[in-house]
file model_8.cif (mmCIF, C-alpha atoms)
data_query
#
loop_
_atom_site.group_PDB
_atom_site.id
_atom_site.type_symbol
_atom_site.label_atom_id
_atom_site.label_comp_id
_atom_site.auth_asym_id
_atom_site.auth_seq_id
_atom_site.Cartn_x
_atom_site.Cartn_y
_atom_site.Cartn_z
ATOM 1 C CA MET A 175 24.310 6.901 3.452
ATOM 2 C CA LEU A 176 21.548 4.542 2.403
ATOM 3 C CA LEU A 177 22.903 2.028 -0.113
ATOM 4 C CA LEU A 178 20.337 1.408 -2.852
ATOM 5 C CA LYS A 179 21.875 -1.003 -5.339
ATOM 6 C CA PRO A 180 25.296 -2.405 -6.278
ATOM 7 C CA LEU A 181 26.864 -1.233 -9.528
ATOM 8 C CA GLY A 182 29.938 -3.472 -9.571
ATOM 9 C CA ASP A 183 33.568 -2.825 -8.630
ATOM 10 C CA ASP A 184 32.478 -2.004 -5.031
ATOM 11 C CA ARG A 185 30.396 0.915 -6.358
ATOM 12 C CA TRP A 186 26.872 1.585 -5.117
ATOM 13 C CA GLU A 187 24.112 4.061 -5.749
ATOM 14 C CA ALA A 188 23.205 5.708 -2.436
ATOM 15 C CA MET A 189 20.937 8.303 -0.892
ATOM 16 C CA VAL A 190 22.974 10.624 1.340
ATOM 17 C CA HIS A 191 22.485 13.237 4.032
ATOM 18 C CA PRO A 192 23.518 15.998 4.298
ATOM 19 C CA GLY A 193 23.692 16.290 0.533
ATOM 20 C CA GLY A 194 25.430 19.677 0.617
ATOM 21 C CA LYS A 195 28.503 18.154 2.253
ATOM 22 C CA LEU A 196 28.641 14.791 0.523
ATOM 23 C CA LYS A 197 29.738 15.838 -2.945
ATOM 24 C CA ALA A 198 32.094 14.193 -5.425
ATOM 25 C CA GLY A 199 35.567 13.798 -3.979
ATOM 26 C CA ARG A 200 34.429 13.545 -0.360
ATOM 27 C CA ARG A 201 35.664 10.505 1.570
ATOM 28 C CA VAL A 202 33.829 9.333 4.687
ATOM 29 C CA HIS A 203 35.691 7.302 7.297
ATOM 30 C CA VAL A 204 33.320 4.693 8.751
ATOM 31 C CA SER A 205 35.753 2.447 10.632
ATOM 32 C CA ARG A 206 39.297 1.143 10.556
ATOM 33 C CA ASP A 207 38.330 -1.260 7.750
ATOM 34 C CA LEU A 208 35.778 0.799 5.792
ATOM 35 C CA ASP A 209 35.867 4.158 3.986
ATOM 36 C CA VAL A 210 33.235 5.415 1.553
ATOM 37 C CA GLU A 211 34.273 7.663 -1.345
ATOM 38 C CA VAL A 212 31.702 9.844 -3.128
ATOM 39 C CA LEU A 213 32.329 9.601 -6.874
ATOM 40 C CA GLU A 214 29.535 11.572 -8.510
ATOM 41 C CA THR A 215 26.017 12.958 -8.173
ATOM 42 C CA THR A 216 23.258 11.457 -10.329
ATOM 43 C CA GLU A 217 20.534 13.397 -12.133
ATOM 44 C CA ARG A 218 18.049 12.532 -9.380
ATOM 45 C CA GLY A 219 20.308 13.654 -6.553
ATOM 46 C CA THR A 220 21.592 10.285 -5.372
ATOM 47 C CA ARG A 221 25.313 9.562 -5.211
ATOM 48 C CA ILE A 222 27.569 6.980 -6.776
ATOM 49 C CA VAL A 223 29.941 5.855 -4.024
ATOM 50 C CA ARG A 224 32.789 3.369 -3.769
ATOM 51 C CA LEU A 225 33.436 1.272 -0.682
ATOM 52 C CA HIS A 226 37.085 0.934 0.283
ATOM 53 C CA THR A 227 37.766 -2.063 2.503
ATOM 54 C CA ALA A 228 40.559 -4.535 2.994
ATOM 55 C CA GLY A 229 38.163 -7.464 2.732
ATOM 56 C CA ASP A 230 34.784 -8.200 1.176
ATOM 57 C CA ALA A 231 32.577 -5.118 0.853
ATOM 58 C CA ARG A 232 29.342 -6.938 1.720
ATOM 59 C CA THR A 233 30.944 -8.308 4.886
ATOM 60 C CA ALA A 234 31.866 -4.753 5.864
ATOM 61 C CA ILE A 235 28.299 -3.613 5.169
ATOM 62 C CA GLU A 236 26.888 -6.335 7.420
ATOM 63 C CA ARG A 237 29.365 -5.455 10.155
ATOM 64 C CA HIS A 238 28.950 -1.682 10.165
ATOM 65 C CA GLY A 239 25.588 -1.078 8.522
ATOM 66 C CA HIS A 240 22.268 -0.388 10.229
ATOM 67 C CA VAL A 241 18.721 -1.457 9.412
ATOM 68 C CA PRO A 242 16.952 1.479 7.671
ATOM 69 C CA LEU A 243 13.857 1.806 9.850
ATOM 70 C CA PRO A 244 10.773 3.611 8.486
ATOM 71 C CA PRO A 245 10.926 7.388 9.019
ATOM 72 C CA TYR A 246 8.015 7.356 11.503
ATOM 73 C CA ILE A 247 10.039 5.209 13.936
ATOM 74 C CA THR A 248 12.222 7.632 15.817
ATOM 75 C CA ARG A 249 14.350 5.278 17.914
ATOM 76 C CA ALA A 250 17.690 3.831 16.866
ATOM 77 C CA ASP A 251 17.748 0.371 15.308
ATOM 78 C CA THR A 252 18.546 -2.704 17.390
ATOM 79 C CA ALA A 253 19.963 -6.125 16.599
ATOM 80 C CA GLU A 254 16.426 -7.564 16.684
ATOM 81 C CA ASP A 255 15.331 -5.308 13.824
ATOM 82 C CA ALA A 256 17.455 -7.244 11.335
ATOM 83 C CA GLU A 257 15.017 -10.123 11.838
ATOM 84 C CA ARG A 258 11.915 -8.158 12.754
ATOM 85 C CA TYR A 259 11.900 -6.232 9.466
ATOM 86 C CA GLN A 260 11.946 -9.346 7.297
ATOM 87 C CA THR A 261 8.932 -11.263 6.066
ATOM 88 C CA VAL A 262 8.949 -14.952 6.953
ATOM 89 C CA TYR A 263 8.981 -15.814 3.254
ATOM 90 C CA ALA A 264 11.825 -13.477 2.193
ATOM 91 C CA THR A 265 14.651 -15.324 0.427
ATOM 92 C CA GLU A 266 16.707 -12.759 -1.508
ATOM 93 C CA SER A 267 18.593 -9.602 -0.604
ATOM 94 C CA GLY A 268 18.017 -6.400 -2.548
ATOM 95 C CA SER A 269 15.208 -4.287 -1.043
ATOM 96 C CA VAL A 270 16.048 -0.972 0.587
ATOM 97 C CA ALA A 271 12.994 -1.297 2.854
ATOM 98 C CA ALA A 272 10.808 -4.050 4.211
ATOM 99 C CA PRO A 273 7.535 -4.796 2.363
ATOM 100 C CA THR A 274 5.620 -4.082 5.557
ATOM 101 C CA ALA A 275 2.243 -5.592 4.624
ATOM 102 C CA GLY A 276 3.929 -8.985 4.590
ATOM 103 C CA LEU A 277 5.202 -8.564 8.147
ATOM 104 C CA HIS A 278 1.741 -9.506 9.424
ATOM 105 C CA PHE A 279 2.084 -13.076 8.150
ATOM 106 C CA THR A 280 3.587 -15.798 10.325
ATOM 107 C CA PRO A 281 4.308 -19.442 9.391
ATOM 108 C CA ALA A 282 1.199 -20.435 11.369
ATOM 109 C CA ILE A 283 -1.015 -17.988 9.457
ATOM 110 C CA LEU A 284 0.357 -19.145 6.095
ATOM 111 C CA ALA A 285 -0.228 -22.780 7.080
ATOM 112 C CA ALA A 286 -3.803 -21.988 8.137
ATOM 113 C CA LEU A 287 -4.489 -20.282 4.806
ATOM 114 C CA GLU A 288 -3.074 -23.267 2.923
ATOM 115 C CA ALA A 289 -5.292 -25.606 4.963
ATOM 116 C CA LYS A 290 -8.297 -23.577 3.833
ATOM 117 C CA GLY A 291 -7.334 -24.158 0.212
ATOM 118 C CA VAL A 292 -5.743 -20.755 -0.418
ATOM 119 C CA LEU A 293 -3.073 -21.028 -3.105
ATOM 120 C CA ARG A 294 0.075 -18.950 -2.831
ATOM 121 C CA ALA A 295 2.234 -17.500 -5.578
ATOM 122 C CA ASP A 296 5.461 -15.589 -5.027
ATOM 123 C CA VAL A 297 6.633 -12.537 -6.935
ATOM 124 C CA LEU A 298 9.840 -10.621 -6.353
ATOM 125 C CA LEU A 299 10.248 -6.867 -6.229
ATOM 126 C CA HIS A 300 13.180 -5.083 -4.660
ATOM 127 C CA VAL A 301 11.603 -2.145 -2.869
ATOM 128 C CA GLY A 302 13.431 0.954 -4.093
ATOM 129 C CA ALA A 303 14.192 4.454 -2.938
ATOM 130 C CA GLY A 304 10.818 5.655 -4.195
ATOM 131 C CA THR A 305 9.186 4.314 -1.049
ATOM 132 C CA PHE A 306 11.007 7.054 0.908
ATOM 133 C CA LYS A 307 10.425 9.855 -1.576
ATOM 134 C CA PRO A 308 7.316 11.993 -0.967
ATOM 135 C CA VAL A 309 5.449 13.654 -3.792
ATOM 136 C CA GLU A 310 6.882 17.182 -3.768
ATOM 137 C CA THR A 311 5.599 18.512 -7.100
ATOM 138 C CA GLU A 312 2.467 20.669 -7.080
ATOM 139 C CA ASP A 313 1.126 18.520 -9.915
ATOM 140 C CA ALA A 314 1.381 14.978 -8.533
ATOM 141 C CA LEU A 315 1.474 13.500 -12.027
ATOM 142 C CA ARG A 316 4.841 15.191 -12.621
ATOM 143 C CA HIS A 317 6.397 13.150 -9.811
ATOM 144 C CA VAL A 318 9.285 10.998 -11.089
ATOM 145 C CA MET A 319 9.233 7.408 -9.839
ATOM 146 C CA HIS A 320 12.416 5.540 -8.988
ATOM 147 C CA GLU A 321 12.811 2.296 -10.883
ATOM 148 C CA GLU A 322 12.401 -0.966 -8.983
ATOM 149 C CA TRP A 323 13.638 -4.372 -10.106
ATOM 150 C CA PHE A 324 11.108 -7.221 -10.258
ATOM 151 C CA ARG A 325 10.738 -10.820 -11.348
ATOM 152 C CA VAL A 326 7.647 -12.932 -11.956
ATOM 153 C CA ALA A 327 8.486 -16.566 -12.701
ATOM 154 C CA ALA A 328 6.516 -18.597 -15.235
ATOM 155 C CA VAL A 329 5.221 -21.031 -12.615
ATOM 156 C CA ASP A 330 3.812 -18.206 -10.477
ATOM 157 C CA ALA A 331 2.276 -16.329 -13.399
ATOM 158 C CA LYS A 332 0.527 -19.547 -14.467
ATOM 159 C CA ARG A 333 -0.701 -20.267 -10.941
ATOM 160 C CA ILE A 334 -2.269 -16.814 -10.667
ATOM 161 C CA ASN A 335 -3.778 -16.942 -14.171
ATOM 162 C CA ASP A 336 -5.228 -20.430 -13.581
ATOM 163 C CA ALA A 337 -6.735 -19.402 -10.249
ATOM 164 C CA ARG A 338 -8.427 -16.406 -11.802
ATOM 165 C CA SER A 339 -9.684 -18.411 -14.771
ATOM 166 C CA ALA A 340 -11.262 -20.851 -12.304
ATOM 167 C CA GLY A 341 -13.156 -18.013 -10.621
ATOM 168 C CA GLY A 342 -10.733 -17.374 -7.782
ATOM 169 C CA ARG A 343 -9.770 -13.958 -6.476
ATOM 170 C CA VAL A 344 -6.228 -12.675 -6.403
ATOM 171 C CA TRP A 345 -5.160 -11.025 -3.138
ATOM 172 C CA ALA A 346 -2.057 -8.874 -3.474
ATOM 173 C CA VAL A 347 -0.120 -8.644 -0.205
ATOM 174 C CA GLY A 348 1.314 -5.153 -0.236
ATOM 175 C CA THR A 349 1.539 -2.235 -2.630
ATOM 176 C CA THR A 350 4.828 -3.518 -4.051
ATOM 177 C CA THR A 351 3.187 -6.815 -4.976
ATOM 178 C CA LEU A 352 0.285 -5.020 -6.651
ATOM 179 C CA ARG A 353 2.699 -2.825 -8.591
ATOM 180 C CA THR A 354 4.573 -5.878 -9.815
ATOM 181 C CA LEU A 355 1.395 -7.649 -10.922
ATOM 182 C CA GLU A 356 0.121 -4.582 -12.759
ATOM 183 C CA THR A 357 3.487 -4.191 -14.499
ATOM 184 C CA VAL A 358 3.365 -7.676 -16.040
ATOM 185 C CA ALA A 359 -0.387 -7.819 -16.754
ATOM 186 C CA ASP A 360 -1.870 -7.367 -20.217
ATOM 187 C CA GLU A 361 -5.156 -5.561 -20.984
ATOM 188 C CA ARG A 362 -7.160 -8.625 -19.924
ATOM 189 C CA GLY A 363 -5.289 -8.995 -16.647
ATOM 190 C CA ARG A 364 -3.336 -12.057 -17.738
ATOM 191 C CA LEU A 365 0.152 -12.185 -16.261
ATOM 192 C CA ARG A 366 3.251 -13.030 -18.240
ATOM 193 C CA PRO A 367 6.575 -14.174 -16.811
ATOM 194 C CA LEU A 368 8.953 -11.249 -16.899
ATOM 195 C CA GLU A 369 11.819 -9.601 -15.068
ATOM 196 C CA GLY A 370 13.263 -6.129 -15.357
ATOM 197 C CA GLU A 371 12.706 -2.659 -13.950
ATOM 198 C CA THR A 372 9.415 -0.858 -13.483
ATOM 199 C CA ARG A 373 8.592 2.815 -13.085
ATOM 200 C CA LEU A 374 4.841 2.218 -13.056
ATOM 201 C CA PHE A 375 3.122 5.043 -11.171
ATOM 202 C CA ILE A 376 -0.346 3.930 -10.042
ATOM 203 C CA HIS A 377 -2.607 6.843 -9.148
ATOM 204 C CA PRO A 378 -6.292 7.807 -9.604
ATOM 205 C CA PRO A 379 -7.909 7.159 -11.941
ATOM 206 C CA TYR A 380 -6.627 3.624 -12.430
ATOM 207 C CA ILE A 381 -8.482 0.324 -12.711
ATOM 208 C CA SER A 382 -6.542 -2.692 -11.492
ATOM 209 C CA ARG A 383 -6.305 -5.498 -14.022
ATOM 210 C CA ALA A 384 -4.304 -8.088 -12.108
ATOM 211 C CA ALA A 385 -5.647 -8.185 -8.528
ATOM 212 C CA ASP A 386 -9.046 -8.235 -6.850
ATOM 213 C CA ARG A 387 -8.075 -7.489 -3.246
ATOM 214 C CA LEU A 388 -5.209 -5.630 -1.580
ATOM 215 C CA VAL A 389 -3.742 -6.227 1.881
ATOM 216 C CA THR A 390 -1.901 -3.076 2.931
ATOM 217 C CA ASN A 391 -1.038 -0.820 5.856
ATOM 218 C CA PHE A 392 -1.736 2.832 6.470
ATOM 219 C CA HIS A 393 0.565 5.126 4.506
ATOM 220 C CA LEU A 394 2.102 8.540 4.983
ATOM 221 C CA PRO A 395 0.573 11.664 3.405
ATOM 222 C CA ARG A 396 1.906 12.818 0.023
ATOM 223 C CA SER A 397 3.265 9.349 -0.721
ATOM 224 C CA THR A 398 2.921 7.407 -3.958
ATOM 225 C CA LEU A 399 1.775 4.430 -1.853
ATOM 226 C CA LEU A 400 -1.204 6.417 -0.584
ATOM 227 C CA MET A 401 -2.067 7.337 -4.166
ATOM 228 C CA LEU A 402 -1.875 3.684 -5.212
ATOM 229 C CA VAL A 403 -4.311 2.680 -2.467
ATOM 230 C CA ALA A 404 -6.669 5.505 -3.446
ATOM 231 C CA ALA A 405 -6.590 4.289 -7.042
ATOM 232 C CA PHE A 406 -7.255 0.673 -6.059
ATOM 233 C CA ALA A 407 -9.901 1.129 -3.357
ATOM 234 C CA GLY A 408 -11.324 4.513 -4.287
ATOM 235 C CA ALA A 409 -10.671 7.766 -2.441
ATOM 236 C CA ASP A 410 -13.954 7.632 -0.496
ATOM 237 C CA LEU A 411 -13.328 4.150 0.929
ATOM 238 C CA MET A 412 -9.734 5.062 1.754
ATOM 239 C CA ARG A 413 -10.807 8.214 3.621
ATOM 240 C CA GLU A 414 -13.407 6.185 5.510
ATOM 241 C CA ALA A 415 -10.742 3.698 6.599
ATOM 242 C CA TYR A 416 -8.420 6.435 7.840
ATOM 243 C CA ALA A 417 -11.276 8.227 9.619
ATOM 244 C CA THR A 418 -12.185 4.967 11.347
ATOM 245 C CA ALA A 419 -8.589 4.522 12.498
ATOM 246 C CA VAL A 420 -8.596 7.994 14.041
ATOM 247 C CA ARG A 421 -12.048 7.600 15.596
ATOM 248 C CA GLU A 422 -11.319 4.175 17.094
ATOM 249 C CA GLN A 423 -7.838 5.231 18.207
ATOM 250 C CA TYR A 424 -5.981 2.462 16.413
ATOM 251 C CA ARG A 425 -2.556 1.766 17.814
ATOM 252 C CA SER A 426 -0.038 4.489 17.047
ATOM 253 C CA ILE A 427 2.230 3.760 14.074
ATOM 254 C CA ARG A 428 5.109 4.835 16.306
ATOM 255 C CA THR A 429 4.666 1.665 18.338
ATOM 256 C CA VAL A 430 6.692 -1.302 17.148
ATOM 257 C CA THR A 431 5.025 -4.601 17.921
ATOM 258 C CA ARG A 432 6.897 -7.880 18.298
ATOM 259 C CA TRP A 433 5.199 -10.364 15.978
#
call {"tool": "encode", "arguments": {"input": "model_8.cif", "output": "C-alpha cells"}}
result
Amino acid sequence: MLLLKPLGDDRWEAMVHPGGKLKAGRRVHVSRDLDVEVLETTERGTRIVRLHTAGDARTAIERHGHVPLPPYITRADTAEDAERYQTVYATESGSVAAPTAGLHFTPAILAALEAKGVLRADVLLHVGAGTFKPVETEDALRHVMHEEWFRVAAVDAKRINDARSAGGRVWAVGTTTLRTLETVADERGRLRPLEGETRLFIHPPYISRAADRLVTNFHLPRSTLLMLVAAFAGADLMREAYATAVREQYRSIRTVTRW
C-alpha cells in the first residue's frame, strides 16, 4: 500500500497491489501495533484505508513504512534512502515521490550559485500518484491526471516576476516546479500567489509562459513527464538528448549514486 494523502480520522487514500485482493472490508495485519482496513474503492481505482494503531498513526507509518523507490530501481530500500531521496532544501512532508531533479543540488552548489548572483525562489508541490501512472489510453489526451497540491507564496511570486521584468531568466528545477509555475501564471507569464490543487496536463503543443529553462532528468516512456519535456524543449531536441545518452553510454538509471 502506497499512502498518498491523509483524509482525517486516520484515513488515507492509497494505491494498492494486488488490487483484486484488497477490496472493501479487507484488513491487512502489518505488525502487532498496526492494521490497515480497506474501506472503499475510489473512481480512479485507489483505496480509502483506515490505519488502526494503539498510538499515533504517523509514528506507526515511520516505524513500519518503507521509502517508495522509483520503479526502475529494483533493490529493496535501505535506511540511507530516507535521506538520499530528499532534496537538501525540502522542509515539508507530503510528496509521494522525491522531486528527483532537485537531488542534484548540494548546499555547496546552492552557495556557489548564490555567490554568482543567482536568485532563488521556492515553490511547493506535493508530488502525487500521477508520477507513477503511465499513459495507458490510445489517445494520450484522454489520460486523466491525478491532482497535486501546490503553494506559491507572495514573496516568491514577486521575486520571480521581478527577476523576469529585469531581464533575468527563470530556471525551473524539475517538472513538478514547472507545472506549478504554469498553473499560477497568467497569459503574460506573471505569477500570482496561490495554493490549491492542479490537474494541469502539459503536453505538445504547449508554449511555456512562466519559465525559460528546465533542469530535469531522463524520464520513462509513456509518462506524462516525458510529454511535458517534449512540450517544453520540443520533440526533436528531446530525441537528440536521449539519442546522445544512448550513444555516449550515460550511466545506467539503475545505478544509484551517493551524492
call {"tool": "residues_near_point", "arguments": {"input": "model_8.cif", "point": "(16.1, -5.1, -6.4)", "cutoff": "10 Å", "atoms": "only C-alpha atoms", "output": "number ranges by chain"}}
result
A: 178-180, 266-270, 298-302, 321-325, 370-371
call {"tool": "atom_distance", "arguments": {"input": "model_8.cif", "atom1": "CA of Leu177 in chain A", "atom2": "CA of Pro242 in chain A"}}
result
9.8 Å
call {"tool": "residues_near_point", "arguments": {"input": "model_8.cif", "point": "(-5.8, -12.9, -3.7)", "cutoff": "10 Å", "atoms": "only C-alpha atoms", "output": "PyMOL selection string"}}
result
chain A and resi 292-295+334+337-338+342-347+384-389
call {"tool": "write_last_selection", "arguments": {"input": "model_8.cif", "atoms": "C-alpha atoms", "output": "mmCIF file, in the frame of the given file"}}
result
data_model
loop_
_atom_site.group_PDB
_atom_site.id
_atom_site.type_symbol
_atom_site.label_atom_id
_atom_site.label_comp_id
_atom_site.auth_asym_id
_atom_site.auth_seq_id
_atom_site.Cartn_x
_atom_site.Cartn_y
_atom_site.Cartn_z
ATOM 1 C CA VAL A 292 -5.743 -20.755 -0.418
ATOM 2 C CA LEU A 293 -3.073 -21.028 -3.105
ATOM 3 C CA ARG A 294 0.075 -18.950 -2.831
ATOM 4 C CA ALA A 295 2.234 -17.500 -5.578
ATOM 5 C CA ILE A 334 -2.269 -16.814 -10.667
ATOM 6 C CA ALA A 337 -6.735 -19.402 -10.249
ATOM 7 C CA ARG A 338 -8.427 -16.406 -11.802
ATOM 8 C CA GLY A 342 -10.733 -17.374 -7.782
ATOM 9 C CA ARG A 343 -9.770 -13.958 -6.476
ATOM 10 C CA VAL A 344 -6.228 -12.675 -6.403
ATOM 11 C CA TRP A 345 -5.160 -11.025 -3.138
ATOM 12 C CA ALA A 346 -2.057 -8.874 -3.474
ATOM 13 C CA VAL A 347 -0.120 -8.644 -0.205
ATOM 14 C CA ALA A 384 -4.304 -8.088 -12.108
ATOM 15 C CA ALA A 385 -5.647 -8.185 -8.528
ATOM 16 C CA ASP A 386 -9.046 -8.235 -6.850
ATOM 17 C CA ARG A 387 -8.075 -7.489 -3.246
ATOM 18 C CA LEU A 388 -5.209 -5.630 -1.580
ATOM 19 C CA VAL A 389 -3.742 -6.227 1.881
#
call {"tool": "residues_around", "arguments": {"input": "model_8.cif", "residues": "Leu394 in chain A", "least_positions_apart": "4", "cutoff": "12 Å", "atoms": "all atoms listed in the file", "output": "list in words"}}
result
Pro244, Pro245, Tyr246, Thr305, Phe306, Lys307, Pro308, Val309, Thr398, Leu399, Leu400, Met401, Leu402, Val403, Tyr416 and Ile427 of chain A
call {"tool": "resolve_selection", "arguments": {"input": "model_8.cif", "expression": "the PyMOL selection byres ((chain A and resi 326) around 12)", "output": "ChimeraX atom specification"}}
result
/A:295-299,323-325,327-334,351,353-359,365-371
call {"tool": "atom_distance", "arguments": {"input": "model_8.cif", "atom1": "CA of His238 in chain A", "atom2": "CA of Val204 in chain A"}}
result
7.9 Å
call {"tool": "closest_residue", "arguments": {"input": "model_8.cif", "among": "A:Thr261, A:Thr248, A:Ser382, A:Thr350", "to": "Phe406 in chain A", "atoms": "all atoms listed in the file"}}
result
A:Ser382
